[in-house]
Structures are given as structure tokens and as C-alpha cells.
$ cat entry19.txt   # compact mmCIF, C-alpha atoms
# COMPACT_ATOMS: atom_id res chain seq x y z
CA MET Z 28 -24.17 87.84 -27.36
CA ASP Z 29 -22.74 84.35 -26.97
CA ASN Z 30 -24.89 81.74 -25.29
CA PRO Z 31 -23.04 80.52 -22.12
CA ILE Z 32 -24.56 77.05 -22.51
CA SER Z 33 -23.31 76.72 -26.09
CA LYS Z 34 -19.91 77.92 -24.95
CA ARG Z 35 -19.76 75.28 -22.21
CA GLN Z 36 -20.82 72.52 -24.61
CA LYS Z 37 -18.12 73.60 -27.09
CA THR Z 38 -15.47 73.47 -24.36
CA GLN Z 39 -16.59 70.00 -23.29
CA LYS Z 40 -16.43 68.74 -26.88
CA GLU Z 41 -12.93 70.15 -27.32
CA THR Z 42 -11.82 68.53 -24.06
CA ALA Z 43 -13.32 65.19 -25.08
CA ALA Z 44 -11.62 65.38 -28.48
CA SER Z 45 -8.34 66.10 -26.76
CA ASP Z 46 -8.83 63.21 -24.34
CA GLU Z 47 -9.31 60.78 -27.20
CA GLY Z 48 -5.66 61.11 -28.10
CA GLN Z 49 -4.47 61.01 -24.49
CA ASP Z 50 -2.61 57.87 -23.26
CA PHE Z 51 -4.10 57.53 -19.78
CA ILE Z 52 -2.32 54.25 -19.01
CA SER Z 53 1.11 55.70 -19.68
CA ASN Z 54 0.37 58.57 -17.30
CA LEU Z 55 -0.48 56.25 -14.42
CA PRO Z 56 1.99 56.14 -11.51
CA GLU Z 57 4.91 53.79 -12.07
CA ASP Z 58 3.85 51.37 -9.34
CA VAL Z 59 0.43 51.01 -11.03
CA ARG Z 60 2.04 50.39 -14.43
CA CYS Z 61 4.29 47.84 -12.79
CA LYS Z 62 1.25 46.11 -11.32
CA ILE Z 63 -0.30 45.95 -14.80
CA LEU Z 64 2.83 44.29 -16.18
CA SER Z 65 2.74 41.68 -13.41
CA TYR Z 66 -0.31 40.15 -15.12
CA LEU Z 67 1.71 39.49 -18.29
CA SER Z 68 4.36 36.87 -18.86
CA THR Z 69 7.77 38.27 -18.00
CA ARG Z 70 8.86 38.10 -21.65
CA ASP Z 71 5.83 40.12 -22.78
CA ALA Z 72 6.34 42.57 -19.93
CA VAL Z 73 9.93 43.24 -21.06
CA ARG Z 74 8.74 43.82 -24.63
CA THR Z 75 6.63 46.79 -23.46
CA CYS Z 76 9.88 48.77 -23.26
CA ILE Z 77 9.39 49.71 -26.95
CA LEU Z 78 5.99 51.33 -26.38
CA SER Z 79 7.23 54.72 -25.21
CA SER Z 80 9.81 56.41 -23.02
CA LYS Z 81 7.54 56.06 -20.00
CA TRP Z 82 7.37 52.28 -20.44
CA ARG Z 83 11.03 51.81 -21.27
CA TYR Z 84 12.20 50.94 -17.76
CA THR Z 85 8.96 49.99 -16.04
CA TRP Z 86 9.66 46.26 -16.44
CA VAL Z 87 12.86 46.49 -14.36
CA MET Z 88 10.72 46.97 -11.26
CA ILE Z 89 8.48 43.89 -11.65
CA PRO Z 90 8.76 41.96 -8.35
CA GLU Z 91 7.51 38.61 -9.70
CA LEU Z 92 9.37 36.97 -12.60
CA SER Z 93 8.20 33.96 -14.59
CA VAL Z 94 10.21 32.47 -17.46
CA LYS Z 95 9.13 29.60 -19.75
CA GLU Z 96 11.28 27.83 -22.30
CA ASP Z 97 8.27 27.61 -24.63
CA ASP Z 98 8.26 31.41 -24.95
CA PHE Z 99 11.61 31.35 -26.76
CA GLY Z 100 10.97 28.77 -29.44
CA PHE Z 101 9.42 29.27 -32.86
CA SER Z 102 8.72 27.04 -35.83
CA THR Z 103 12.14 27.39 -37.47
CA ALA Z 104 14.19 27.54 -34.26
CA SER Z 105 16.41 24.66 -33.26
CA GLU Z 106 16.56 23.44 -29.68
CA GLN Z 107 20.02 24.94 -29.38
CA MET Z 108 18.77 28.33 -30.54
CA THR Z 109 15.84 28.16 -28.09
CA ARG Z 110 18.17 27.39 -25.19
CA ALA Z 111 20.54 30.19 -26.18
CA ARG Z 112 17.69 32.71 -26.29
CA LEU Z 113 16.42 31.52 -22.91
CA VAL Z 114 19.82 31.87 -21.23
CA LYS Z 115 20.50 35.27 -22.79
CA PHE Z 116 17.07 36.59 -21.79
CA VAL Z 117 17.36 35.56 -18.12
CA ASP Z 118 20.94 36.87 -17.91
CA ILE Z 119 19.86 40.30 -19.15
CA LEU Z 120 16.66 40.20 -17.10
CA LEU Z 121 18.49 39.68 -13.80
CA TYR Z 122 21.39 42.01 -14.67
CA LEU Z 123 19.17 44.99 -15.54
CA HIS Z 124 16.45 44.40 -12.94
CA ASN Z 125 16.48 47.34 -10.58
CA GLY Z 126 13.84 46.54 -8.01
CA PRO Z 127 13.05 43.85 -5.45
CA ILE Z 128 12.50 40.29 -6.71
CA PHE Z 129 10.08 38.45 -4.48
CA LYS Z 130 9.28 35.49 -6.71
CA PHE Z 131 11.08 33.68 -9.51
CA LYS Z 132 9.52 30.86 -11.54
CA LEU Z 133 11.39 28.86 -14.18
CA GLU Z 134 9.91 26.27 -16.53
CA ALA Z 135 13.01 24.88 -18.18
CA GLY Z 136 11.48 22.09 -20.25
CA LYS Z 137 14.09 20.01 -22.07
CA SER Z 138 16.77 22.67 -21.64
CA CYS Z 139 17.54 21.39 -18.17
CA ARG Z 140 19.60 18.52 -19.57
CA GLU Z 141 22.09 20.87 -21.30
CA ASN Z 142 25.27 21.85 -19.52
CA ASN Z 143 25.15 25.52 -20.53
CA VAL Z 144 21.68 25.88 -18.99
CA ARG Z 145 22.78 24.17 -15.77
CA VAL Z 146 25.78 26.51 -15.52
CA ALA Z 147 23.56 29.51 -16.19
CA PHE Z 148 21.09 28.29 -13.56
CA ILE Z 149 23.83 28.27 -10.92
CA ARG Z 150 24.63 31.84 -11.91
CA TRP Z 151 20.99 32.90 -11.63
CA ILE Z 152 20.51 31.30 -8.23
CA LEU Z 153 23.66 32.97 -6.89
CA HIS Z 154 22.27 36.29 -8.07
CA LEU Z 155 18.92 35.68 -6.38
CA SER Z 156 20.52 34.44 -3.16
CA ARG Z 157 22.05 37.88 -2.63
CA ARG Z 158 18.60 39.50 -2.55
CA LYS Z 159 17.24 39.53 0.97
CA GLU Z 160 13.67 40.10 -0.23
CA PHE Z 161 13.64 36.93 -2.40
CA TYR Z 162 11.20 34.47 -0.75
CA GLU Z 163 9.51 32.25 -3.39
CA PHE Z 164 11.09 29.98 -5.98
CA SER Z 165 9.52 27.51 -8.42
CA CYS Z 166 11.34 25.30 -10.89
CA SER Z 167 10.13 22.59 -13.25
CA SER Z 168 11.59 20.65 -16.12
CA SER Z 169 10.44 18.03 -18.58
CA SER Z 170 9.34 14.95 -16.63
CA GLN Z 171 11.48 12.81 -18.93
CA HIS Z 172 14.62 14.79 -18.20
CA LEU Z 173 15.09 15.37 -14.47
CA PHE Z 174 16.89 18.57 -13.60
CA TYR Z 175 19.91 18.28 -11.31
CA LEU Z 176 19.14 20.99 -8.80
CA PRO Z 177 22.28 23.03 -8.05
CA THR Z 178 23.22 23.19 -4.40
CA THR Z 179 23.47 26.99 -4.67
CA LEU Z 180 19.69 27.07 -4.17
CA PHE Z 181 20.23 26.13 -0.53
CA LEU Z 182 22.11 29.40 -0.02
CA CYS Z 183 18.80 31.27 -0.35
CA ARG Z 184 18.16 31.43 3.37
CA GLY Z 185 15.19 33.77 3.05
CA LEU Z 186 13.04 31.35 1.05
CA SER Z 187 9.51 30.95 2.38
CA ILE Z 188 7.92 29.02 -0.51
CA LEU Z 189 9.76 26.37 -2.53
CA ASN Z 190 8.08 24.44 -5.34
CA LEU Z 191 10.19 21.94 -7.30
CA HIS Z 192 8.99 19.66 -10.11
CA ASP Z 193 10.95 16.86 -11.78
CA CYS Z 194 14.29 17.59 -10.12
CA ARG Z 195 17.07 15.48 -8.65
CA ILE Z 196 17.90 16.80 -5.20
CA ASN Z 197 21.03 16.25 -3.12
CA LEU Z 198 21.29 18.32 0.04
CA PRO Z 199 24.76 19.78 0.61
CA SER Z 200 26.44 18.50 3.76
CA ALA Z 201 26.73 22.06 5.09
CA PHE Z 202 23.00 22.78 4.68
CA GLU Z 203 21.76 24.76 7.69
CA GLY Z 204 18.06 24.79 6.85
CA PHE Z 205 15.41 27.24 5.67
CA LYS Z 206 14.42 29.01 8.88
CA LEU Z 207 11.61 30.95 7.15
CA MET Z 208 10.20 28.13 4.99
CA ARG Z 209 6.42 27.76 5.25
CA VAL Z 210 5.45 25.86 2.07
CA LEU Z 211 7.53 23.04 0.55
CA GLU Z 212 6.30 21.12 -2.50
CA LEU Z 213 8.26 18.38 -4.27
CA GLN Z 214 6.50 16.81 -7.26
CA GLY Z 215 8.07 14.11 -9.38
CA CYS Z 216 11.40 14.69 -7.65
CA VAL Z 217 14.05 12.11 -6.84
CA ILE Z 218 15.44 12.53 -3.34
CA SER Z 219 16.70 10.18 -0.66
CA GLY Z 220 14.73 9.49 2.52
CA ASP Z 221 17.53 10.90 4.66
CA ASP Z 222 17.52 14.14 2.68
CA ILE Z 223 13.74 14.44 3.02
CA GLU Z 224 14.04 14.00 6.78
CA LYS Z 225 16.89 16.52 7.00
CA LEU Z 226 15.19 19.05 4.72
CA VAL Z 227 11.86 18.97 6.56
CA SER Z 228 13.34 19.00 10.06
CA SER Z 229 15.48 21.99 9.04
CA CYS Z 230 12.36 24.08 8.37
CA PRO Z 231 11.15 24.83 11.93
CA ILE Z 232 8.03 26.82 10.95
CA LEU Z 233 6.97 24.65 7.97
CA ASP Z 234 3.19 24.89 7.53
CA GLU Z 235 2.52 22.90 4.34
CA LEU Z 236 4.36 19.92 2.87
CA VAL Z 237 3.57 18.13 -0.42
CA LEU Z 238 5.54 15.06 -1.58
CA ARG Z 239 3.86 13.81 -4.73
CA THR Z 240 4.73 11.02 -7.20
CA ALA Z 241 8.25 11.01 -5.90
CA SER Z 242 10.91 8.32 -5.84
CA PHE Z 243 12.27 8.44 -2.32
CA GLY Z 244 15.70 7.06 -3.05
CA LEU Z 245 18.23 8.12 -5.64
CA SER Z 246 19.81 4.84 -6.72
CA ASN Z 247 16.79 2.54 -6.43
CA PRO Z 248 13.31 4.10 -6.58
CA TYR Z 249 11.79 0.86 -5.24
CA ASN Z 250 14.05 0.55 -2.22
CA GLU Z 251 12.51 -0.24 1.14
CA LEU Z 252 12.47 3.23 2.56
CA SER Z 253 11.35 4.34 6.00
CA LEU Z 254 9.96 7.83 5.52
CA LYS Z 255 10.25 10.13 8.52
CA ILE Z 256 8.48 13.48 8.76
CA CYS Z 257 9.30 15.63 11.78
CA ALA Z 258 7.56 19.01 11.59
CA PRO Z 259 6.06 20.24 14.87
CA LYS Z 260 4.13 23.14 13.27
CA LEU Z 261 2.98 21.44 10.07
CA LYS Z 262 -0.73 21.98 9.28
CA LYS Z 263 -1.09 20.32 5.84
CA LEU Z 264 0.63 17.15 4.62
CA ILE Z 265 0.16 15.34 1.30
CA ILE Z 266 2.27 12.26 0.52
CA HIS Z 267 1.97 10.36 -2.74
CA GLY Z 268 4.83 7.97 -3.40
CA ARG Z 269 6.60 4.73 -2.57
CA PHE Z 270 7.71 3.76 0.93
CA VAL Z 271 7.35 0.82 3.30
CA SER Z 272 7.06 2.56 6.64
CA LEU Z 273 6.02 6.00 7.80
CA LEU Z 274 6.93 7.74 11.02
CA LEU Z 275 5.17 11.01 11.73
CA LYS Z 276 5.93 13.63 14.34
CA THR Z 277 3.32 16.16 13.31
CA PRO Z 278 1.10 17.02 16.30
CA CYS Z 279 -0.50 20.09 14.65
CA LEU Z 280 -1.67 18.53 11.36
CA VAL Z 281 -5.13 19.73 10.30
CA LYS Z 282 -5.26 18.23 6.80
CA ALA Z 283 -3.47 15.01 5.80
CA CYS Z 284 -3.60 12.77 2.74
CA PHE Z 285 -1.57 9.59 2.25
CA ASP Z 286 -1.44 7.96 -1.17
CA LEU Z 287 0.81 4.89 -1.21
CA GLU Z 288 2.22 3.44 -4.43
CA VAL Z 289 3.69 0.06 -3.54
CA ARG Z 290 2.96 -3.57 -4.31
CA LEU Z 291 1.32 -5.40 -1.43
CA ALA Z 292 4.16 -7.92 -1.37
CA ARG Z 293 6.50 -5.13 -0.38
CA VAL Z 294 4.46 -4.14 2.66
CA ASN Z 295 6.40 -6.34 5.03
CA GLY Z 296 4.60 -6.00 8.35
CA ARG Z 297 6.34 -2.92 9.67
CA ALA Z 298 3.25 -0.74 9.34
CA ASN Z 299 1.82 0.63 12.56
CA LEU Z 300 -1.68 2.04 12.75
CA VAL Z 301 -1.09 3.46 16.23
CA GLU Z 302 2.02 5.38 15.15
CA VAL Z 303 0.27 6.97 12.17
CA LEU Z 304 -2.99 7.96 13.84
CA GLY Z 305 -1.26 8.83 17.09
CA ALA Z 306 0.51 11.64 15.25
CA LEU Z 307 -2.79 13.25 14.15
CA PRO Z 308 -4.55 14.57 17.28
CA GLU Z 309 -5.68 17.81 15.57
CA VAL Z 310 -6.59 16.43 12.14
CA GLU Z 311 -9.86 17.67 10.59
CA VAL Z 312 -9.53 16.36 7.00
CA LEU Z 313 -7.97 12.93 6.41
CA GLY Z 314 -7.44 10.82 3.31
CA PHE Z 315 -6.04 7.28 2.93
CA HIS Z 316 -5.71 6.23 -0.72
CA GLN Z 317 -4.47 3.42 -2.98
CA GLN Z 318 -2.50 0.88 -0.91
CA PHE Z 319 -2.30 2.86 2.31
CA PHE Z 320 -5.10 0.94 4.00
CA ALA Z 321 -3.33 -2.31 3.22
CA TYR Z 322 -0.25 -0.71 4.75
CA LEU Z 323 -2.15 0.10 7.96
CA ALA Z 324 -3.60 -3.43 8.11
CA ALA Z 325 -0.25 -5.18 7.61
CA ARG Z 326 0.34 -5.60 11.32
CA CYS Z 327 -1.73 -6.89 14.25
CA LEU Z 328 -4.30 -4.28 15.19
CA PRO Z 329 -4.77 -2.90 18.71
CA ASP Z 330 -8.06 -3.22 20.56
CA CYS Z 331 -8.30 0.57 20.69
CA LEU Z 332 -6.45 3.63 19.45
CA PRO Z 333 -4.33 5.80 21.76
CA LEU Z 334 -6.55 8.81 21.11
CA THR Z 335 -9.97 9.76 19.80
CA LEU Z 336 -10.02 11.80 16.61
CA ASP Z 337 -12.46 14.33 18.04
CA LYS Z 338 -11.73 17.02 15.43
CA LEU Z 339 -11.97 14.80 12.35
CA LYS Z 340 -14.76 16.12 10.11
CA ILE Z 341 -14.03 14.79 6.59
CA LEU Z 342 -12.68 11.29 5.89
CA SER Z 343 -11.77 9.95 2.43
CA LEU Z 344 -10.78 6.28 2.05
CA ASP Z 345 -9.81 3.66 -0.55
CA VAL Z 346 -10.71 0.35 1.11
CA ASN Z 347 -11.02 -3.24 0.01
CA LEU Z 348 -14.33 -4.10 1.66
CA ALA Z 349 -13.71 -7.79 0.93
CA SER Z 350 -10.58 -7.77 3.09
CA PRO Z 351 -11.19 -8.58 6.78
CA GLU Z 352 -7.93 -6.85 7.73
CA GLU Z 353 -8.81 -3.59 5.99
CA VAL Z 354 -12.39 -3.70 7.25
CA SER Z 355 -11.06 -4.10 10.80
CA VAL Z 356 -8.88 -1.01 10.37
CA MET Z 357 -11.77 0.94 8.92
CA ARG Z 358 -14.18 0.03 11.71
CA LEU Z 359 -11.59 0.95 14.33
CA LEU Z 360 -11.02 4.27 12.59
CA LEU Z 361 -14.72 5.09 12.30
CA GLN Z 362 -15.39 4.24 15.94
CA ASN Z 363 -12.72 6.75 16.93
CA ALA Z 364 -14.18 9.60 14.85
CA PRO Z 365 -17.33 10.58 16.77
CA ASN Z 366 -17.72 14.01 15.13
CA LEU Z 367 -17.35 12.88 11.52
CA VAL Z 368 -19.51 14.94 9.14
CA GLU Z 369 -18.60 13.59 5.70
CA LEU Z 370 -17.38 10.15 4.57
CA ASN Z 371 -16.11 9.49 1.03
CA LEU Z 372 -15.31 5.84 0.40
CA THR Z 373 -13.99 4.12 -2.73
CA ASN Z 374 -14.26 0.32 -2.78
CA SER Z 375 -10.92 -0.99 -4.05
CA THR Z 376 -12.02 -4.65 -4.15
CA THR Z 377 -10.30 -6.32 -7.10
CA ASP Z 378 -12.22 -9.61 -7.08
CA ARG Z 379 -15.75 -8.69 -8.12
CA GLY Z 380 -17.01 -12.28 -8.29
CA ASP Z 381 -20.65 -13.08 -7.66
CA ARG Z 382 -22.66 -10.28 -6.16
CA PHE Z 383 -23.90 -12.29 -3.21
CA SER Z 384 -21.14 -14.89 -2.98
CA GLN Z 385 -20.79 -16.81 0.28
CA THR Z 386 -16.99 -16.75 0.42
CA ASN Z 387 -15.34 -16.89 3.82
CA SER Z 388 -13.90 -13.38 3.44
CA SER Z 389 -17.26 -11.83 2.54
CA MET Z 390 -18.96 -13.56 5.47
CA THR Z 391 -16.18 -12.47 7.81
CA CYS Z 392 -16.39 -8.86 6.64
CA ALA Z 393 -20.17 -8.86 6.98
CA GLY Z 394 -19.80 -10.19 10.51
CA LEU Z 395 -17.36 -7.42 11.45
CA TRP Z 396 -19.94 -4.77 10.56
CA GLU Z 397 -22.69 -6.51 12.55
CA ILE Z 398 -20.78 -6.47 15.83
CA GLY Z 399 -22.03 -3.89 18.32
CA SER Z 400 -23.69 -1.45 15.93
CA GLY Z 401 -25.27 1.62 17.50
CA SER Z 402 -26.05 5.29 16.93
CA PHE Z 403 -22.61 6.75 17.43
CA PHE Z 404 -22.31 8.77 14.16
CA MET Z 405 -24.18 11.68 15.72
CA SER Z 406 -22.67 14.29 13.34
CA LEU Z 407 -22.52 12.35 10.06
CA ARG Z 408 -24.43 14.20 7.32
CA VAL Z 409 -23.00 13.05 3.96
CA VAL Z 410 -21.79 9.65 2.71
CA GLU Z 411 -20.48 9.08 -0.82
CA LEU Z 412 -19.66 5.54 -1.96
CA TYR Z 413 -17.70 4.96 -5.17
CA GLU Z 414 -17.04 1.81 -7.22
CA PHE Z 415 -19.86 -0.10 -5.50
CA PHE Z 416 -21.42 -3.21 -7.02
CA ILE Z 417 -23.67 -4.12 -4.06
CA SER Z 418 -21.89 -7.23 -2.80
CA ARG Z 419 -22.59 -8.91 0.53
CA SER Z 420 -19.74 -7.10 2.29
CA GLU Z 421 -20.89 -3.76 0.88
CA LEU Z 422 -24.46 -4.32 2.00
CA ALA Z 423 -23.21 -5.14 5.49
CA PHE Z 424 -21.29 -1.87 5.56
CA LEU Z 425 -24.33 0.09 4.33
CA LYS Z 426 -26.49 -1.45 7.04
CA PHE Z 427 -23.88 -0.51 9.63
CA ILE Z 428 -23.77 3.13 8.50
CA LEU Z 429 -27.53 3.56 8.07
CA ALA Z 430 -28.17 2.06 11.51
CA SER Z 431 -25.59 4.31 13.16
CA ALA Z 432 -26.20 7.80 11.69
CA PRO Z 433 -29.47 9.37 12.89
CA LEU Z 434 -28.77 12.74 11.21
CA LEU Z 435 -27.57 11.43 7.84
CA GLU Z 436 -28.94 13.66 5.06
CA GLN Z 437 -27.42 12.37 1.83
CA LEU Z 438 -26.24 8.93 0.70
CA THR Z 439 -24.79 8.79 -2.82
CA VAL Z 440 -23.92 5.39 -4.30
CA ILE Z 441 -21.86 5.47 -7.50
CA LYS Z 442 -21.65 2.08 -9.17
CA GLU Z 443 -18.52 0.72 -10.80
CA GLN Z 444 -20.03 0.72 -14.28
CA VAL Z 445 -23.03 1.94 -16.21
CA THR Z 446 -26.12 -0.13 -15.45
CA ASP Z 447 -29.37 -0.51 -17.36
CA ALA Z 448 -32.66 0.80 -15.97
CA ARG Z 449 -33.83 -2.60 -14.74
CA GLU Z 450 -30.67 -3.32 -12.76
CA LYS Z 451 -30.67 0.19 -11.38
CA GLU Z 452 -34.24 -0.22 -10.18
CA ALA Z 453 -33.33 -3.50 -8.48
CA VAL Z 454 -30.43 -1.85 -6.65
CA VAL Z 455 -32.68 1.02 -5.54
CA GLU Z 456 -35.11 -1.52 -4.07
CA ILE Z 457 -32.27 -3.19 -2.18
CA LEU Z 458 -31.19 0.16 -0.75
CA LYS Z 459 -34.75 1.04 0.25
CA ARG Z 460 -35.14 -2.19 2.24
CA ILE Z 461 -32.11 -1.48 4.44
CA PRO Z 462 -33.26 -0.24 7.90
CA LYS Z 463 -32.45 3.42 8.54
CA VAL Z 464 -32.45 5.52 11.70
CA SER Z 465 -32.38 8.86 9.85
CA GLN Z 466 -35.77 10.38 8.98
CA ILE Z 467 -34.33 12.96 6.56
CA LEU Z 468 -32.15 10.70 4.41
CA GLN Z 469 -32.09 11.06 0.64
CA ILE Z 470 -30.52 8.25 -1.41
CA THR Z 471 -29.03 8.85 -4.87
CA LEU Z 472 -27.80 6.09 -7.18
CA GLU Z 473 -25.54 7.10 -10.07
$ encode --input "entry19.txt" --output "C-alpha cells"
Amino acid sequence: MDNPISKRQKTQKETAASDEGQDFISNLPEDVRCKILSYLSTRDAVRTCILSSKWRYTWVMIPELSVKEDDFGFSTASEQMTRARLVKFVDILLYLHNGPIFKFKLEAGKSCRENNVRVAFIRWILHLSRRKEFYEFSCSSSSQHLFYLPTTLFLCRGLSILNLHDCRINLPSAFEGFKLMRVLELQGCVISGDDIEKLVSSCPILDELVLRTASFGLSNPYNELSLKICAPKLKKLIIHGRFVSLLLKTPCLVKACFDLEVRLARVNGRANLVEVLGALPEVEVLGFHQQFFAYLAARCLPDCLPLTLDKLKILSLDVNLASPEEVSVMRLLLQNAPNLVELNLTNSTTDRGDRFSQTNSSMTCAGLWEIGSGSFFMSLRVVELYEFFISRSELAFLKFILASAPLLEQLTVIKEQVTDAREKEAVVEILKRIPKVSQILQITLE
């Protein structure tokens, strides 16, 4: 008589042996297989068509496409051959694709400068513009060869996310706007100030805007441009570029960062602190970097700001603490941020000079910090100071902060260069002697 237990064990072994040769992945539902392919590069995903009959047409349903020029080159391939393979691949990809295309990303590299690629790009964009579900587009080229963005892109009315790198942009005169655009990012692009203003104002629900390392002006990247940003629902704004005046109409901004690349001689007095800060009533995170503080200080300062930045929690600044004008702007800004929690400050002083020099500017700056100090930083917890060399103006600022922040927990001072143990000990002693109102403060010198 057969043992039922032995029989069951034999059946289990036979089933396990059979399962070893079973292709479980291929038997998954098509939408799951499609999801798996979405984690591969589009080129590799297409190559899975040779695996089996079940994989042959799975790739045609991938909703997110990403194409890189580097994927089509090999050691013996010429640039012309690489471009030809790229164009042929994308043509076939879009022609045979049988599902929705939500996202399309193209990294064109050096191919962008060739006429056949530009013509093909127009063809691809026209194809994508006919797909109502298409909402995200990214394009980048070699930074040394700016890509002339075809105007057909502006026919894609359903775009919600647009990310362009190293492109030349000219808005068509008939442009009606992106009514669904929420995220717009232009990095390394060349575009005129008028086109920026028109593009942004034509996106009524824009939530995030990034303009980074851009030349705002097609013919002359150093022209004196007045940059205007009108976006009533914008929450995040990052600007890194060259301009001489900035007009903001952004009442809902929560996070803002301004990074100005311009020689001081070109800041010609048209800056307006009130106009900039008056457009930021809801800001919680704010950054002023490089020459932007000099920009704010280029005009006579008001006695007070038109509003109090009650919601500002994190402030990051590049400030020349040896400049009375910039120190005045900084003090005015700090006095109007009563709920500040974290302050990150980089000292952009260019003239290091003697540590305790008695120059008129250092004495003036020290005097500005001594006027009317009091405990009004009731929420300040963290202060980080970069590029410090413990000059007279810096010590005056430290005294001002430490005498005004009763709940300060951490002060980190990062010196401009590596110091030996003896100098570091001397600096620590200086910091210890500064009067403090906080009983829980920890000081770190790096």
C-alpha cells in the first residue's frame, strides 16, 4: 500500500521541477510587464521584443519614453551614423507605439546642430501634439551647441511639465499659452525677456518656475534686461541669471531663490527692495545669492518694509558684511522676519584685510548692528555662518544675533580656510566671550 505522505512529497517535487522551467515574468499581465519595462531605458525596453512572442509588442504600450543620443553610438560609429540611428529609432518608436504617451524625454547631445535631426524633431513634436494625454516633455542638448527649439512644441496645449536645457527659444506670435502648465524649467536657455514674460503669464496655473544660468536676451546676453514675472498662483521660484531689474507679481510664493550673475557696475540704481519683498507675503523659504544683495542695496532704502514676513522660516543669504549698504538691507530684512527659524549666511566680503582693521566701513557696519538690539528672534533655532574670518564687522553681527535669539540651539561657524589648532582655539575663545541670551546654545567651529 502506497504511503500517502510519500505520494504527496513526490507530487510536490514534480511540481517544483516543473516550476523551475516556468517563465513567471512572461505570464504576468501585460500592464505589469509594461510597468517593468518602464524602469529600463526606452532602447533596452524595445529590445525585449526578441525575448518571446509575449514580449514582442509589450514595449508599444510604454507610457513614458526616454531617448539618449549616447545609446546609439559605439566605438567605430561616426557621428553621422549615430545621428541616423537616433532619428530612425525615434521615427519607428513613435510610428509603432500603440498606447498613451504621457512623457517624452530627449537628450540630443551634439545631434541638435544637424539639420536632419531638427527636421525630424519637428516631425516628432507634431506627432506628440496630436496626443491629448501627452503632458510632460523634456529636451536637452550639448551645452556648447544650443538647440533651436521648433515652434511646433507650442502646439502641445496639454503640456503640464516642460523642462528645457540648452535651447534657443522664440515664442511664435500666435502662441496662446499653456493653460495646464504647472512646472516650467529653463536651464542654460537663451530667451528674450519679453518672451519669458509672455510665456509665464500665459500659464495661469503655473506652480513652479526655474530659470537657471540663462541668458535673458537673444542678441546680447549682457543686455540691461528688466525681468518681469507675473504668476498669481506660483509657489516656487528659482532665478539664476543676468538681469538689472526684477519685477515680481507672485503673491502666493512659498519658496524663492534669487541668484544674480552681473557685475556691480551694471547694477545701475533701478533695484527696489520694496518691490521685491512686497511680492513675497507668503514666502517660507527665501534665498538671496551672489550679487543679489548688492542689487537690493543699489537704491535708497526705506525706513520700513511694506509688510512683515511673518511666514518666513528659512533664510539663506550671500552678504558682504563689510558693506554698510548690504548690512543695512540685511538688518531691515531680519527685523521683518520675526518667526525665522534657520539662518544660513555666507560672507561674500572680497577684501579680507586685517582681522580687526579700523576702516571706516568696518566701523560703520559694526555700528549698524549695535543700534537697538533686543530679543526679537523668538523662533530662531539654527544659525550657520560660512566663509567667516572673524573680522570686526563679523563679530558685531555675531553679537547682534547672540543677544537677540533666546532660543538659539546651534551656531555653526565655518571659516574661509583651514586653520591650525592654535588659531582655532583662539577663535573659540573669542566666540565664548560674546554675551549670549540663549542658555541651550551649542557652538561649533569648522
$ atom_distance --input "entry19.txt" --atom1 "CA of Glu436 (chain Z)" --atom2 "CA of Thr471 (chain Z)"
11.0 Å
$ residues_near_point --input "entry19.txt" --point "(-14.7, 4.1, -1.9)" --cutoff "6 Å" --atoms "all atoms listed in the file" --output "PDB file with C-alpha atoms, in the coordinates of the input"
ATOM      1  CA  LEU Z 344     -10.780   6.280   2.050  1.00  0.00           C
ATOM      2  CA  ASP Z 345      -9.810   3.660  -0.550  1.00  0.00           C
ATOM      3  CA  LEU Z 372     -15.310   5.840   0.400  1.00  0.00           C
ATOM      4  CA  THR Z 373     -13.990   4.120  -2.730  1.00  0.00           C
ATOM      5  CA  ASN Z 374     -14.260   0.320  -2.780  1.00  0.00           C
ATOM      6  CA  LEU Z 412     -19.660   5.540  -1.960  1.00  0.00           C
ATOM      7  CA  TYR Z 413     -17.700   4.960  -5.170  1.00  0.00           C
TER       8      TYR Z 413
END
$ closest_residue --input "entry19.txt" --among "Z:Leu336, Z:Val227, Z:Val410, Z:Leu348" --to "Val281 (chain Z)" --atoms "all atoms listed in the file"
Z:Leu336
$ atom_distance --input "entry19.txt" --atom1 "CA of Glu134 (chain Z)" --atom2 "CA of His154 (chain Z)"
18.0 Å
$ residues_around --input "entry19.txt" --residues "region 184-199 of chain Z" --least-positions-apart "5" --cutoff "8 Å" --atoms "only C-alpha atoms" --output "ChimeraX atom specification"
/Z:156,159-170,172-176,178,204-219,222,226
$ atom_distance --input "entry19.txt" --atom1 "CA of Lys225 (chain Z)" --atom2 "CA of Glu302 (chain Z)"
20.3 Å
$ residues_around --input "entry19.txt" --residues "region 364-369 of chain Z" --least-positions-apart "3" --cutoff "9 Å" --atoms "only C-alpha atoms" --output "PyMOL selection string"
chain Z and resi 311+335-343+360-361+403-411+435
